[in-house]
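See below for the structure under consideration.
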Amino acid sequence: MKKNILLSFLLLMLLGLSNGCNSSYVPKPTGYFKIEFPQKNYTTFNEPGFPYTFEYPQYAVVKRDSSFFGDNTENPWWINIEFPQFNGRIYISYKIIGTYKLEKLLSDAFNLTNKQSVKATYISDSLIETPNNIHGMFFKVSGNVATANQFFLTDSVRHFLRGALYFDATPNQDSLQPVNDFLVADMRHLINTFQWK
């Protein structure tokens with residue numbers, strides 16, 4: 001009797017294993033959470049005493065940047081445009097030409113972008129020229145990099161402004177791509193509405 005129960009149990013196990021081995025396994029593809037994007041509406045940043053003005057999205061918050069790697073910023077016109085729902089921010093630094101040579105500021109902007117080349121698959125740049133007579137360059141860095149989108153603006157005489165979009169997340173080009181694309185449109189709007197005072 002015990003032998004028959006044991007034999008029946010082994011037979012059921014073998015049948016179960018043979019059926020399980022014949023099924024085809026299909027792995028699930030990698031997926032990411034669906035991100036709900038807000039409606040694009042803009043407001044003007046035009047604070048008294050600031051040497052520039054521009055439009056930024058209403059779902060962002062502009063804050064003064066009070067420290068640069070633990071030290072005070074060199075002037076009060078450094079700001080961060082924060083996107084709390086995306087854990088991202090555009091760091092904006094402003095420098096006065098004369099205090100710094102334009103060649104040095106341009107070299108620094110290119111060098112900061114090229115520091116990403118260790119992990120970048122490519123870096124492209126495009127000239128900026130807006131209807132407000134603003135000139136500069138926009139950098140698109142592809143790959144798992146800390147900042148995939150950067151720019152600088154200048155009048156070549158007095159003003160120099162640099163911006164870089166960062167996320168408080170481990171760089172992953174695939175997962176950040178939809179948010180990057182969404183916020184790059186806001187960066188371009190900022191640039192196209194930018195004016196020196």
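Each chain in the structure tokens gets a letter, A, B, ..., in the order shown, and its residues are numbered from 1; ligands are numbered from 1 in order too.
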Excluding same-chain residues fewer than 2 positions from Asn144 (chain A), what lies within 6 Å of it counting only C-alpha atoms, as a PyMOL selection string? chain A and resi 171-173
I need the chosen residues saved as a PDB file, in the first residue's frame, with C-alpha atoms.
ATOM      1  CA  PRO A 171      22.016  58.366 -14.726  1.00  0.00           C
ATOM      2  CA  ASN A 172      20.065  56.008 -16.992  1.00  0.00           C
ATOM      3  CA  GLN A 173      19.442  57.382 -20.448  1.00  0.00           C
TER       4      GLN A 173
END
Residue set, region 87-196 of chain A restricted to strand (DSSP E or B), as a PDB file with N, CA, C and O atoms, in the first residue's frame:
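File written: result06.pdb
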ATOM      1  N   GLY A  88      14.449  66.996 -10.588  1.00  0.00           N
ATOM      2  CA  GLY A  88      15.442  67.607 -11.470  1.00  0.00           C
ATOM      3  C   GLY A  88      15.550  69.094 -11.229  1.00  0.00           C
ATOM      4  O   GLY A  88      14.692  69.701 -10.589  1.00  0.00           O
ATOM      5  N   ARG A  89      16.641  69.651 -11.733  1.00  0.00           N
ATOM      6  CA  ARG A  89      16.819  71.100 -11.644  1.00  0.00           C
ATOM      7  C   ARG A  89      17.776  71.571 -12.718  1.00  0.00           C
ATOM      8  O   ARG A  89      18.665  70.824 -13.140  1.00  0.00           O
ATOM      9  N   ILE A  90      17.565  72.810 -13.133  1.00  0.00           N
ATOM     10  CA  ILE A  90      18.504  73.482 -14.032  1.00  0.00           C
ATOM     11  C   ILE A  90      19.337  74.421 -13.169  1.00  0.00           C
ATOM     12  O   ILE A  90      18.801  75.326 -12.530  1.00  0.00           O
ATOM     13  N   TYR A  91      20.625  74.161 -13.123  1.00  0.00           N
ATOM     14  CA  TYR A  91      21.544  75.043 -12.400  1.00  0.00           C
ATOM     15  C   TYR A  91      21.935  76.179 -13.343  1.00  0.00           C
ATOM     16  O   TYR A  91      22.419  75.931 -14.444  1.00  0.00           O
ATOM     17  N   ILE A  92      21.707  77.402 -12.892  1.00  0.00           N
ATOM     18  CA  ILE A  92      22.043  78.579 -13.685  1.00  0.00           C
ATOM     19  C   ILE A  92      23.151  79.348 -12.971  1.00  0.00           C
ATOM     20  O   ILE A  92      22.989  79.749 -11.816  1.00  0.00           O
ATOM     21  N   SER A  93      24.276  79.530 -13.647  1.00  0.00           N
ATOM     22  CA  SER A  93      25.356  80.355 -13.093  1.00  0.00           C
ATOM     23  C   SER A  93      25.572  81.554 -14.020  1.00  0.00           C
ATOM     24  O   SER A  93      25.468  81.432 -15.243  1.00  0.00           O
ATOM     25  N   TYR A  94      25.853  82.677 -13.410  1.00  0.00           N
ATOM     26  CA  TYR A  94      26.026  83.927 -14.157  1.00  0.00           C
ATOM     27  C   TYR A  94      27.389  84.527 -13.828  1.00  0.00           C
ATOM     28  O   TYR A  94      27.790  84.554 -12.661  1.00  0.00           O
ATOM     29  N   LYS A  95      28.085  84.987 -14.863  1.00  0.00           N
ATOM     30  CA  LYS A  95      29.394  85.618 -14.660  1.00  0.00           C
ATOM     31  C   LYS A  95      29.456  86.906 -15.465  1.00  0.00           C
ATOM     32  O   LYS A  95      28.846  87.024 -16.531  1.00  0.00           O
ATOM     33  N   ILE A  96      30.207  87.854 -14.938  1.00  0.00           N
ATOM     34  CA  ILE A  96      30.367  89.155 -15.596  1.00  0.00           C
ATOM     35  C   ILE A  96      31.646  89.119 -16.433  1.00  0.00           C
ATOM     36  O   ILE A  96      32.730  88.824 -15.922  1.00  0.00           O
ATOM     37  N   ILE A  97      31.491  89.409 -17.725  1.00  0.00           N
ATOM     38  CA  ILE A  97      32.664  89.505 -18.599  1.00  0.00           C
ATOM     39  C   ILE A  97      33.403  90.784 -18.213  1.00  0.00           C
ATOM     40  O   ILE A  97      32.803  91.848 -18.080  1.00  0.00           O
ATOM     41  N   TYR A 100      35.902  88.153 -15.684  1.00  0.00           N
ATOM     42  CA  TYR A 100      36.459  86.977 -16.354  1.00  0.00           C
ATOM     43  C   TYR A 100      36.606  87.291 -17.832  1.00  0.00           C
ATOM     44  O   TYR A 100      35.786  88.019 -18.394  1.00  0.00           O
ATOM     45  N   ALA A 120      29.810  59.311 -22.127  1.00  0.00           N
ATOM     46  CA  ALA A 120      28.960  59.718 -23.244  1.00  0.00           C
ATOM     47  C   ALA A 120      29.202  58.849 -24.472  1.00  0.00           C
ATOM     48  O   ALA A 120      30.320  58.410 -24.722  1.00  0.00           O
ATOM     49  N   THR A 121      28.131  58.598 -25.224  1.00  0.00           N
ATOM     50  CA  THR A 121      28.289  57.914 -26.505  1.00  0.00           C
ATOM     51  C   THR A 121      28.553  58.936 -27.613  1.00  0.00           C
ATOM     52  O   THR A 121      29.215  58.626 -28.594  1.00  0.00           O
ATOM     53  N   TYR A 122      28.023  60.136 -27.467  1.00  0.00           N
ATOM     54  CA  TYR A 122      28.400  61.247 -28.342  1.00  0.00           C
ATOM     55  C   TYR A 122      27.955  62.556 -27.716  1.00  0.00           C
ATOM     56  O   TYR A 122      27.096  62.586 -26.829  1.00  0.00           O
ATOM     57  N   ILE A 123      28.570  63.637 -28.186  1.00  0.00           N
ATOM     58  CA  ILE A 123      28.219  64.988 -27.750  1.00  0.00           C
ATOM     59  C   ILE A 123      27.981  65.809 -29.004  1.00  0.00           C
ATOM     60  O   ILE A 123      28.821  65.846 -29.903  1.00  0.00           O
ATOM     61  N   SER A 124      26.815  66.438 -29.064  1.00  0.00           N
ATOM     62  CA  SER A 124      26.542  67.332 -30.192  1.00  0.00           C
ATOM     63  C   SER A 124      26.299  68.730 -29.651  1.00  0.00           C
ATOM     64  O   SER A 124      25.825  68.903 -28.531  1.00  0.00           O
ATOM     65  N   ASP A 125      26.656  69.714 -30.455  1.00  0.00           N
ATOM     66  CA  ASP A 125      26.403  71.091 -30.052  1.00  0.00           C
ATOM     67  C   ASP A 125      25.728  71.826 -31.205  1.00  0.00           C
ATOM     68  O   ASP A 125      25.871  71.459 -32.363  1.00  0.00           O
ATOM     69  N   SER A 126      24.942  72.812 -30.850  1.00  0.00           N
ATOM     70  CA  SER A 126      24.265  73.624 -31.862  1.00  0.00           C
ATOM     71  C   SER A 126      24.277  75.075 -31.419  1.00  0.00           C
ATOM     72  O   SER A 126      24.123  75.379 -30.237  1.00  0.00           O
ATOM     73  N   LEU A 127      24.492  75.944 -32.388  1.00  0.00           N
ATOM     74  CA  LEU A 127      24.521  77.380 -32.101  1.00  0.00           C
ATOM     75  C   LEU A 127      23.131  77.875 -31.742  1.00  0.00           C
ATOM     76  O   LEU A 127      22.121  77.391 -32.263  1.00  0.00           O
ATOM     77  N   ILE A 128      23.108  78.858 -30.858  1.00  0.00           N
ATOM     78  CA  ILE A 128      21.852  79.493 -30.442  1.00  0.00           C
ATOM     79  C   ILE A 128      21.862  80.923 -30.946  1.00  0.00           C
ATOM     80  O   ILE A 128      22.841  81.655 -30.750  1.00  0.00           O
ATOM     81  N   GLU A 129      20.798  81.314 -31.604  1.00  0.00           N
ATOM     82  CA  GLU A 129      20.567  82.712 -31.969  1.00  0.00           C
ATOM     83  C   GLU A 129      19.070  82.933 -31.900  1.00  0.00           C
ATOM     84  O   GLU A 129      18.306  82.322 -32.656  1.00  0.00           O
ATOM     85  N   HIS A 135      22.840  85.000 -28.093  1.00  0.00           N
ATOM     86  CA  HIS A 135      23.707  84.020 -28.757  1.00  0.00           C
ATOM     87  C   HIS A 135      24.273  83.060 -27.726  1.00  0.00           C
ATOM     88  O   HIS A 135      24.422  83.404 -26.553  1.00  0.00           O
ATOM     89  N   GLY A 136      24.607  81.869 -28.198  1.00  0.00           N
ATOM     90  CA  GLY A 136      25.207  80.882 -27.315  1.00  0.00           C
ATOM     91  C   GLY A 136      25.307  79.541 -27.983  1.00  0.00           C
ATOM     92  O   GLY A 136      25.357  79.439 -29.215  1.00  0.00           O
ATOM     93  N   MET A 137      25.320  78.494 -27.155  1.00  0.00           N
ATOM     94  CA  MET A 137      25.436  77.132 -27.667  1.00  0.00           C
ATOM     95  C   MET A 137      24.659  76.190 -26.760  1.00  0.00           C
ATOM     96  O   MET A 137      24.651  76.358 -25.545  1.00  0.00           O
ATOM     97  N   PHE A 138      24.025  75.198 -27.391  1.00  0.00           N
ATOM     98  CA  PHE A 138      23.292  74.158 -26.673  1.00  0.00           C
ATOM     99  C   PHE A 138      24.022  72.838 -26.890  1.00  0.00           C
ATOM    100  O   PHE A 138      24.379  72.492 -28.016  1.00  0.00           O
ATOM    101  N   PHE A 139      24.263  72.096 -25.795  1.00  0.00           N
ATOM    102  CA  PHE A 139      24.962  70.817 -25.862  1.00  0.00           C
ATOM    103  C   PHE A 139      24.002  69.686 -25.519  1.00  0.00           C
ATOM    104  O   PHE A 139      23.302  69.748 -24.511  1.00  0.00           O
ATOM    105  N   LYS A 140      23.995  68.667 -26.345  1.00  0.00           N
ATOM    106  CA  LYS A 140      23.225  67.443 -26.095  1.00  0.00           C
ATOM    107  C   LYS A 140      24.240  66.321 -25.925  1.00  0.00           C
ATOM    108  O   LYS A 140      25.035  66.050 -26.820  1.00  0.00           O
ATOM    109  N   VAL A 141      24.238  65.704 -24.731  1.00  0.00           N
ATOM    110  CA  VAL A 141      25.183  64.632 -24.422  1.00  0.00           C
ATOM    111  C   VAL A 141      24.393  63.333 -24.314  1.00  0.00           C
ATOM    112  O   VAL A 141      23.475  63.227 -23.508  1.00  0.00           O
ATOM    113  N   SER A 142      24.754  62.353 -25.130  1.00  0.00           N
ATOM    114  CA  SER A 142      24.027  61.090 -25.152  1.00  0.00           C
ATOM    115  C   SER A 142      24.782  60.041 -24.345  1.00  0.00           C
ATOM    116  O   SER A 142      25.999  60.000 -24.346  1.00  0.00           O
ATOM    117  N   GLY A 143      24.026  59.191 -23.639  1.00  0.00           N
ATOM    118  CA  GLY A 143      24.612  58.139 -22.810  1.00  0.00           C
ATOM    119  C   GLY A 143      24.156  58.282 -21.376  1.00  0.00           C
ATOM    120  O   GLY A 143      23.356  59.164 -21.041  1.00  0.00           O
ATOM    121  N   ASN A 149      21.890  67.709 -20.965  1.00  0.00           N
ATOM    122  CA  ASN A 149      21.512  68.944 -21.662  1.00  0.00           C
ATOM    123  C   ASN A 149      22.114  70.144 -20.945  1.00  0.00           C
ATOM    124  O   ASN A 149      21.866  70.348 -19.756  1.00  0.00           O
ATOM    125  N   GLN A 150      22.896  70.924 -21.700  1.00  0.00           N
ATOM    126  CA  GLN A 150      23.577  72.090 -21.150  1.00  0.00           C
ATOM    127  C   GLN A 150      23.555  73.202 -22.192  1.00  0.00           C
ATOM    128  O   GLN A 150      23.430  72.936 -23.384  1.00  0.00           O
ATOM    129  N   PHE A 151      23.728  74.430 -21.733  1.00  0.00           N
ATOM    130  CA  PHE A 151      23.799  75.549 -22.669  1.00  0.00           C
ATOM    131  C   PHE A 151      24.561  76.703 -22.033  1.00  0.00           C
ATOM    132  O   PHE A 151      24.768  76.741 -20.826  1.00  0.00           O
ATOM    133  N   PHE A 152      24.986  77.633 -22.880  1.00  0.00           N
ATOM    134  CA  PHE A 152      25.469  78.920 -22.381  1.00  0.00           C
ATOM    135  C   PHE A 152      24.949  80.017 -23.291  1.00  0.00           C
ATOM    136  O   PHE A 152      24.679  79.791 -24.470  1.00  0.00           O
ATOM    137  N   LEU A 153      24.768  81.194 -22.708  1.00  0.00           N
ATOM    138  CA  LEU A 153      24.292  82.378 -23.418  1.00  0.00           C
ATOM    139  C   LEU A 153      25.228  83.531 -23.095  1.00  0.00           C
ATOM    140  O   LEU A 153      25.690  83.662 -21.963  1.00  0.00           O
ATOM    141  N   THR A 154      25.475  84.399 -24.079  1.00  0.00           N
ATOM    142  CA  THR A 154      26.342  85.547 -23.835  1.00  0.00           C
ATOM    143  C   THR A 154      26.027  86.667 -24.821  1.00  0.00           C
ATOM    144  O   THR A 154      25.511  86.420 -25.903  1.00  0.00           O
ATOM    145  N   HIS A 159      27.819  89.992 -20.325  1.00  0.00           N
ATOM    146  CA  HIS A 159      27.082  88.916 -19.648  1.00  0.00           C
ATOM    147  C   HIS A 159      27.471  87.533 -20.163  1.00  0.00           C
ATOM    148  O   HIS A 159      27.656  87.347 -21.368  1.00  0.00           O
ATOM    149  N   PHE A 160      27.512  86.574 -19.222  1.00  0.00           N
ATOM    150  CA  PHE A 160      27.710  85.164 -19.575  1.00  0.00           C
ATOM    151  C   PHE A 160      26.895  84.312 -18.606  1.00  0.00           C
ATOM    152  O   PHE A 160      27.046  84.439 -17.392  1.00  0.00           O
ATOM    153  N   LEU A 161      26.039  83.460 -19.137  1.00  0.00           N
ATOM    154  CA  LEU A 161      25.176  82.624 -18.313  1.00  0.00           C
ATOM    155  C   LEU A 161      25.281  81.183 -18.810  1.00  0.00           C
ATOM    156  O   LEU A 161      25.273  80.928 -20.010  1.00  0.00           O
ATOM    157  N   ARG A 162      25.400  80.263 -17.868  1.00  0.00           N
ATOM    158  CA  ARG A 162      25.480  78.836 -18.199  1.00  0.00           C
ATOM    159  C   ARG A 162      24.366  78.088 -17.471  1.00  0.00           C
ATOM    160  O   ARG A 162      24.074  78.386 -16.313  1.00  0.00           O
ATOM    161  N   GLY A 163      23.752  77.119 -18.152  1.00  0.00           N
ATOM    162  CA  GLY A 163      22.709  76.300 -17.549  1.00  0.00           C
ATOM    163  C   GLY A 163      22.961  74.822 -17.815  1.00  0.00           C
ATOM    164  O   GLY A 163      23.462  74.461 -18.876  1.00  0.00           O
ATOM    165  N   ALA A 164      22.622  73.981 -16.829  1.00  0.00           N
ATOM    166  CA  ALA A 164      22.774  72.538 -16.978  1.00  0.00           C
ATOM    167  C   ALA A 164      21.645  71.837 -16.228  1.00  0.00           C
ATOM    168  O   ALA A 164      21.354  72.177 -15.083  1.00  0.00           O
ATOM    169  N   LEU A 165      21.013  70.887 -16.890  1.00  0.00           N
ATOM    170  CA  LEU A 165      19.910  70.122 -16.308  1.00  0.00           C
ATOM    171  C   LEU A 165      20.452  68.863 -15.648  1.00  0.00           C
ATOM    172  O   LEU A 165      21.123  68.055 -16.297  1.00  0.00           O
ATOM    173  N   TYR A 166      20.171  68.707 -14.349  1.00  0.00           N
ATOM    174  CA  TYR A 166      20.582  67.528 -13.578  1.00  0.00           C
ATOM    175  C   TYR A 166      19.353  66.879 -12.954  1.00  0.00           C
ATOM    176  O   TYR A 166      18.361  67.557 -12.673  1.00  0.00           O
ATOM    177  N   PHE A 167      19.459  65.574 -12.684  1.00  0.00           N
ATOM    178  CA  PHE A 167      18.428  64.839 -11.968  1.00  0.00           C
ATOM    179  C   PHE A 167      19.033  64.237 -10.714  1.00  0.00           C
ATOM    180  O   PHE A 167      20.190  63.820 -10.718  1.00  0.00           O
ATOM    181  N   GLN A 195      16.287  87.424 -22.072  1.00  0.00           N
ATOM    182  CA  GLN A 195      16.759  88.774 -22.422  1.00  0.00           C
ATOM    183  C   GLN A 195      17.708  89.273 -21.343  1.00  0.00           C
ATOM    184  O   GLN A 195      17.520  88.987 -20.157  1.00  0.00           O
ATOM    185  N   TRP A 196      18.718  90.023 -21.774  1.00  0.00           N
ATOM    186  CA  TRP A 196      19.586  90.726 -20.818  1.00  0.00           C
ATOM    187  C   TRP A 196      18.904  92.025 -20.446  1.00  0.00           C
ATOM    188  O   TRP A 196      18.176  92.618 -21.227  1.00  0.00           O
TER     189      TRP A 196
END
Length of the CA of Asp108 (chain A) to CA of Phe182 (chain A) vector [Å]: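 We find that CA of Asp108 (chain A) and CA of Phe182 (chain A) lie 27.1 Å from each other.
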Please indicate the distance in Å from CA of Pro178 (chain A) to CA of Pro38 (chain A), rounded to one decimal place.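 Those two atoms sit 12.9 Å apart.
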Skipping near chain neighbours, those fewer than 2 positions away, what residues fall within 9 Å of Asp186 (chain A) using only C-alpha atoms, listed as a ChimeraX atom specification? /A:40,42,55-57,182-184,188-191
Just-selected residues, all heavy atoms written as a short mmCIF file (atom, residue, chain, number, x, y, z; two decimals), in the first residue's frame:
data_model
loop_
_atom_site.label_atom_id
_atom_site.label_comp_id
_atom_site.auth_asym_id
_atom_site.auth_seq_id
_atom_site.Cartn_x
_atom_site.Cartn_y
_atom_site.Cartn_z
N LYS A 40 1.87 72.58 -20.25
CA LYS A 40 2.94 73.59 -20.36
C LYS A 40 2.33 74.99 -20.31
O LYS A 40 1.66 75.41 -21.24
CB LYS A 40 3.74 73.38 -21.64
CG LYS A 40 4.63 72.16 -21.56
CD LYS A 40 5.76 72.25 -22.56
CE LYS A 40 6.68 71.07 -22.46
NZ LYS A 40 7.54 71.07 -21.31
N TYR A 42 3.65 78.97 -18.82
CA TYR A 42 4.88 79.66 -18.42
C TYR A 42 4.58 80.95 -17.67
O TYR A 42 3.54 81.56 -17.85
CB TYR A 42 5.76 79.94 -19.64
CG TYR A 42 6.24 78.67 -20.31
CD1 TYR A 42 5.54 78.12 -21.39
CD2 TYR A 42 7.36 78.02 -19.85
CE1 TYR A 42 5.96 76.95 -21.99
CE2 TYR A 42 7.80 76.84 -20.44
CZ TYR A 42 7.10 76.31 -21.51
OH TYR A 42 7.52 75.14 -22.09
N GLU A 55 11.25 83.31 -19.35
CA GLU A 55 10.04 82.59 -18.96
C GLU A 55 10.41 81.17 -18.55
O GLU A 55 11.30 80.55 -19.15
CB GLU A 55 9.03 82.55 -20.10
CG GLU A 55 8.42 83.90 -20.39
CD GLU A 55 7.36 83.85 -21.48
OE1 GLU A 55 7.01 82.74 -21.97
OE2 GLU A 55 6.87 84.94 -21.85
N TYR A 56 9.73 80.67 -17.52
CA TYR A 56 9.95 79.31 -17.04
C TYR A 56 8.59 78.68 -16.74
O TYR A 56 7.59 79.38 -16.57
CB TYR A 56 10.87 79.31 -15.80
CG TYR A 56 10.25 79.92 -14.56
CD1 TYR A 56 9.67 79.11 -13.59
CD2 TYR A 56 10.24 81.30 -14.36
CE1 TYR A 56 9.09 79.66 -12.45
CE2 TYR A 56 9.66 81.86 -13.23
CZ TYR A 56 9.09 81.03 -12.29
OH TYR A 56 8.51 81.57 -11.17
N PRO A 57 8.52 77.34 -16.65
CA PRO A 57 7.23 76.68 -16.46
C PRO A 57 6.64 76.92 -15.08
O PRO A 57 7.37 77.03 -14.09
CB PRO A 57 7.54 75.20 -16.66
CG PRO A 57 8.99 75.06 -16.81
CD PRO A 57 9.61 76.40 -16.85
N PHE A 182 10.92 66.20 -22.20
CA PHE A 182 9.90 67.15 -21.73
C PHE A 182 10.56 68.43 -21.20
O PHE A 182 10.12 69.54 -21.53
CB PHE A 182 9.07 66.48 -20.63
CG PHE A 182 7.95 67.33 -20.12
CD1 PHE A 182 6.78 67.47 -20.84
CD2 PHE A 182 8.07 68.00 -18.91
CE1 PHE A 182 5.73 68.25 -20.37
CE2 PHE A 182 7.03 68.79 -18.43
CZ PHE A 182 5.86 68.92 -19.16
N LEU A 183 11.61 68.29 -20.40
CA LEU A 183 12.25 69.47 -19.80
C LEU A 183 13.17 70.21 -20.78
O LEU A 183 13.39 71.41 -20.62
CB LEU A 183 13.02 69.08 -18.54
CG LEU A 183 12.13 68.56 -17.40
CD1 LEU A 183 12.98 68.22 -16.17
CD2 LEU A 183 11.05 69.56 -17.03
N VAL A 184 13.67 69.52 -21.80
CA VAL A 184 14.46 70.22 -22.82
C VAL A 184 13.58 71.22 -23.56
O VAL A 184 14.03 72.31 -23.91
CB VAL A 184 15.13 69.22 -23.79
CG1 VAL A 184 15.61 69.91 -25.06
CG2 VAL A 184 16.30 68.54 -23.10
N ARG A 188 14.52 75.13 -23.88
CA ARG A 188 14.52 75.88 -25.15
C ARG A 188 13.58 77.08 -25.07
O ARG A 188 13.87 78.15 -25.61
CB ARG A 188 14.17 74.96 -26.31
CG ARG A 188 15.26 73.90 -26.52
CD ARG A 188 15.29 73.39 -27.94
NE ARG A 188 16.32 72.39 -28.13
CZ ARG A 188 17.56 72.63 -28.50
NH1 ARG A 188 17.95 73.87 -28.70
NH2 ARG A 188 18.42 71.66 -28.69
N HIS A 189 12.46 76.92 -24.37
CA HIS A 189 11.56 78.06 -24.17
C HIS A 189 12.24 79.14 -23.34
O HIS A 189 12.14 80.33 -23.65
CB HIS A 189 10.26 77.61 -23.49
CG HIS A 189 9.24 78.69 -23.39
ND1 HIS A 189 8.34 78.95 -24.39
CD2 HIS A 189 9.01 79.62 -22.41
CE1 HIS A 189 7.57 79.98 -24.04
NE2 HIS A 189 7.97 80.40 -22.84
N LEU A 190 12.93 78.74 -22.29
CA LEU A 190 13.70 79.68 -21.47
C LEU A 190 14.68 80.45 -22.35
O LEU A 190 14.77 81.68 -22.28
CB LEU A 190 14.45 78.90 -20.38
CG LEU A 190 15.33 79.66 -19.38
CD1 LEU A 190 15.48 78.84 -18.11
CD2 LEU A 190 16.67 80.04 -19.91
N ILE A 191 15.42 79.73 -23.19
CA ILE A 191 16.42 80.36 -24.06
C ILE A 191 15.76 81.32 -25.04
O ILE A 191 16.23 82.45 -25.24
CB ILE A 191 17.23 79.28 -24.80
CG1 ILE A 191 18.12 78.52 -23.81
CG2 ILE A 191 18.06 79.88 -25.92
CD1 ILE A 191 18.70 77.22 -24.34
#
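With CA of Ser117 (chain A) on one side and CA of Val179 (chain A) on the other, the separation reads 21.6 Å.
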Per-residue nearest contacts region 33-63 of chain A to region 75-78 of chain A, cut-off 10 Å, using only C-alpha atoms, as JSON lines:
{"residue": "A:Glu47", "atom": "CA", "partner": "A:Trp77", "partner_atom": "CA", "distance": 9.9}
{"residue": "A:Gly49", "atom": "CA", "partner": "A:Trp77", "partner_atom": "CA", "distance": 8.6}
{"residue": "A:Phe50", "atom": "CA", "partner": "A:Trp77", "partner_atom": "CA", "distance": 6.1}
{"residue": "A:Pro51", "atom": "CA", "partner": "A:Trp77", "partner_atom": "CA", "distance": 7.7}
{"residue": "A:Tyr52", "atom": "CA", "partner": "A:Trp77", "partner_atom": "CA", "distance": 8.9}
{"residue": "A:Lys63", "atom": "CA", "partner": "A:Trp78", "partner_atom": "CA", "distance": 8.9}
Would you please give, as an mmCIF file with N, CA and C atoms, in the first residue's frame, all residues of region 30-158 of chain A that DSSP assigns to alpha helix (DSSP H) based on the backbone?
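That gives us result_15.cif:
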data_model
loop_
_atom_site.group_PDB
_atom_site.id
_atom_site.type_symbol
_atom_site.label_atom_id
_atom_site.label_comp_id
_atom_site.auth_asym_id
_atom_site.auth_seq_id
_atom_site.Cartn_x
_atom_site.Cartn_y
_atom_site.Cartn_z
ATOM 1 N N LEU A 102 36.218 86.438 -21.692
ATOM 2 C CA LEU A 102 35.243 85.653 -22.452
ATOM 3 C C LEU A 102 35.844 84.322 -22.902
ATOM 4 N N GLU A 103 37.099 84.338 -23.350
ATOM 5 C CA GLU A 103 37.748 83.106 -23.820
ATOM 6 C C GLU A 103 37.784 82.051 -22.714
ATOM 7 N N LYS A 104 38.050 82.475 -21.482
ATOM 8 C CA LYS A 104 38.100 81.547 -20.341
ATOM 9 C C LYS A 104 36.715 80.982 -20.050
ATOM 10 N N LEU A 105 35.688 81.822 -20.095
ATOM 11 C CA LEU A 105 34.320 81.368 -19.848
ATOM 12 C C LEU A 105 33.866 80.364 -20.907
ATOM 13 N N LEU A 106 34.197 80.641 -22.160
ATOM 14 C CA LEU A 106 33.847 79.712 -23.243
ATOM 15 C C LEU A 106 34.594 78.390 -23.082
ATOM 16 N N SER A 107 35.876 78.478 -22.768
ATOM 17 C CA SER A 107 36.685 77.277 -22.565
ATOM 18 C C SER A 107 36.136 76.437 -21.411
ATOM 19 N N ASP A 108 35.767 77.092 -20.314
ATOM 20 C CA ASP A 108 35.203 76.380 -19.166
ATOM 21 C C ASP A 108 33.892 75.679 -19.535
ATOM 22 N N ALA A 109 33.041 76.359 -20.320
ATOM 23 C CA ALA A 109 31.760 75.766 -20.727
ATOM 24 C C ALA A 109 31.991 74.500 -21.552
ATOM 25 N N PHE A 110 32.930 74.551 -22.494
ATOM 26 C CA PHE A 110 33.227 73.374 -23.309
ATOM 27 C C PHE A 110 33.872 72.272 -22.466
ATOM 28 N N ASN A 111 34.765 72.654 -21.563
ATOM 29 C CA ASN A 111 35.431 71.659 -20.712
ATOM 30 C C ASN A 111 34.445 70.952 -19.781
ATOM 31 N N LEU A 112 33.513 71.714 -19.195
ATOM 32 C CA LEU A 112 32.512 71.097 -18.324
ATOM 33 C C LEU A 112 31.648 70.096 -19.091
ATOM 34 N N THR A 113 31.322 70.425 -20.325
ATOM 35 C CA THR A 113 30.555 69.492 -21.153
ATOM 36 C C THR A 113 31.400 68.276 -21.503
ATOM 37 N N ASN A 114 32.641 68.500 -21.866
ATOM 38 C CA ASN A 114 33.507 67.389 -22.279
ATOM 39 C C ASN A 114 33.874 66.460 -21.133
#
Using only C-alpha atoms, which of the listed residues (A:Ile81, A:Ser156, A:Asp174, A:Val118) sits closest to Phe54 (chain A)? A:Ile81
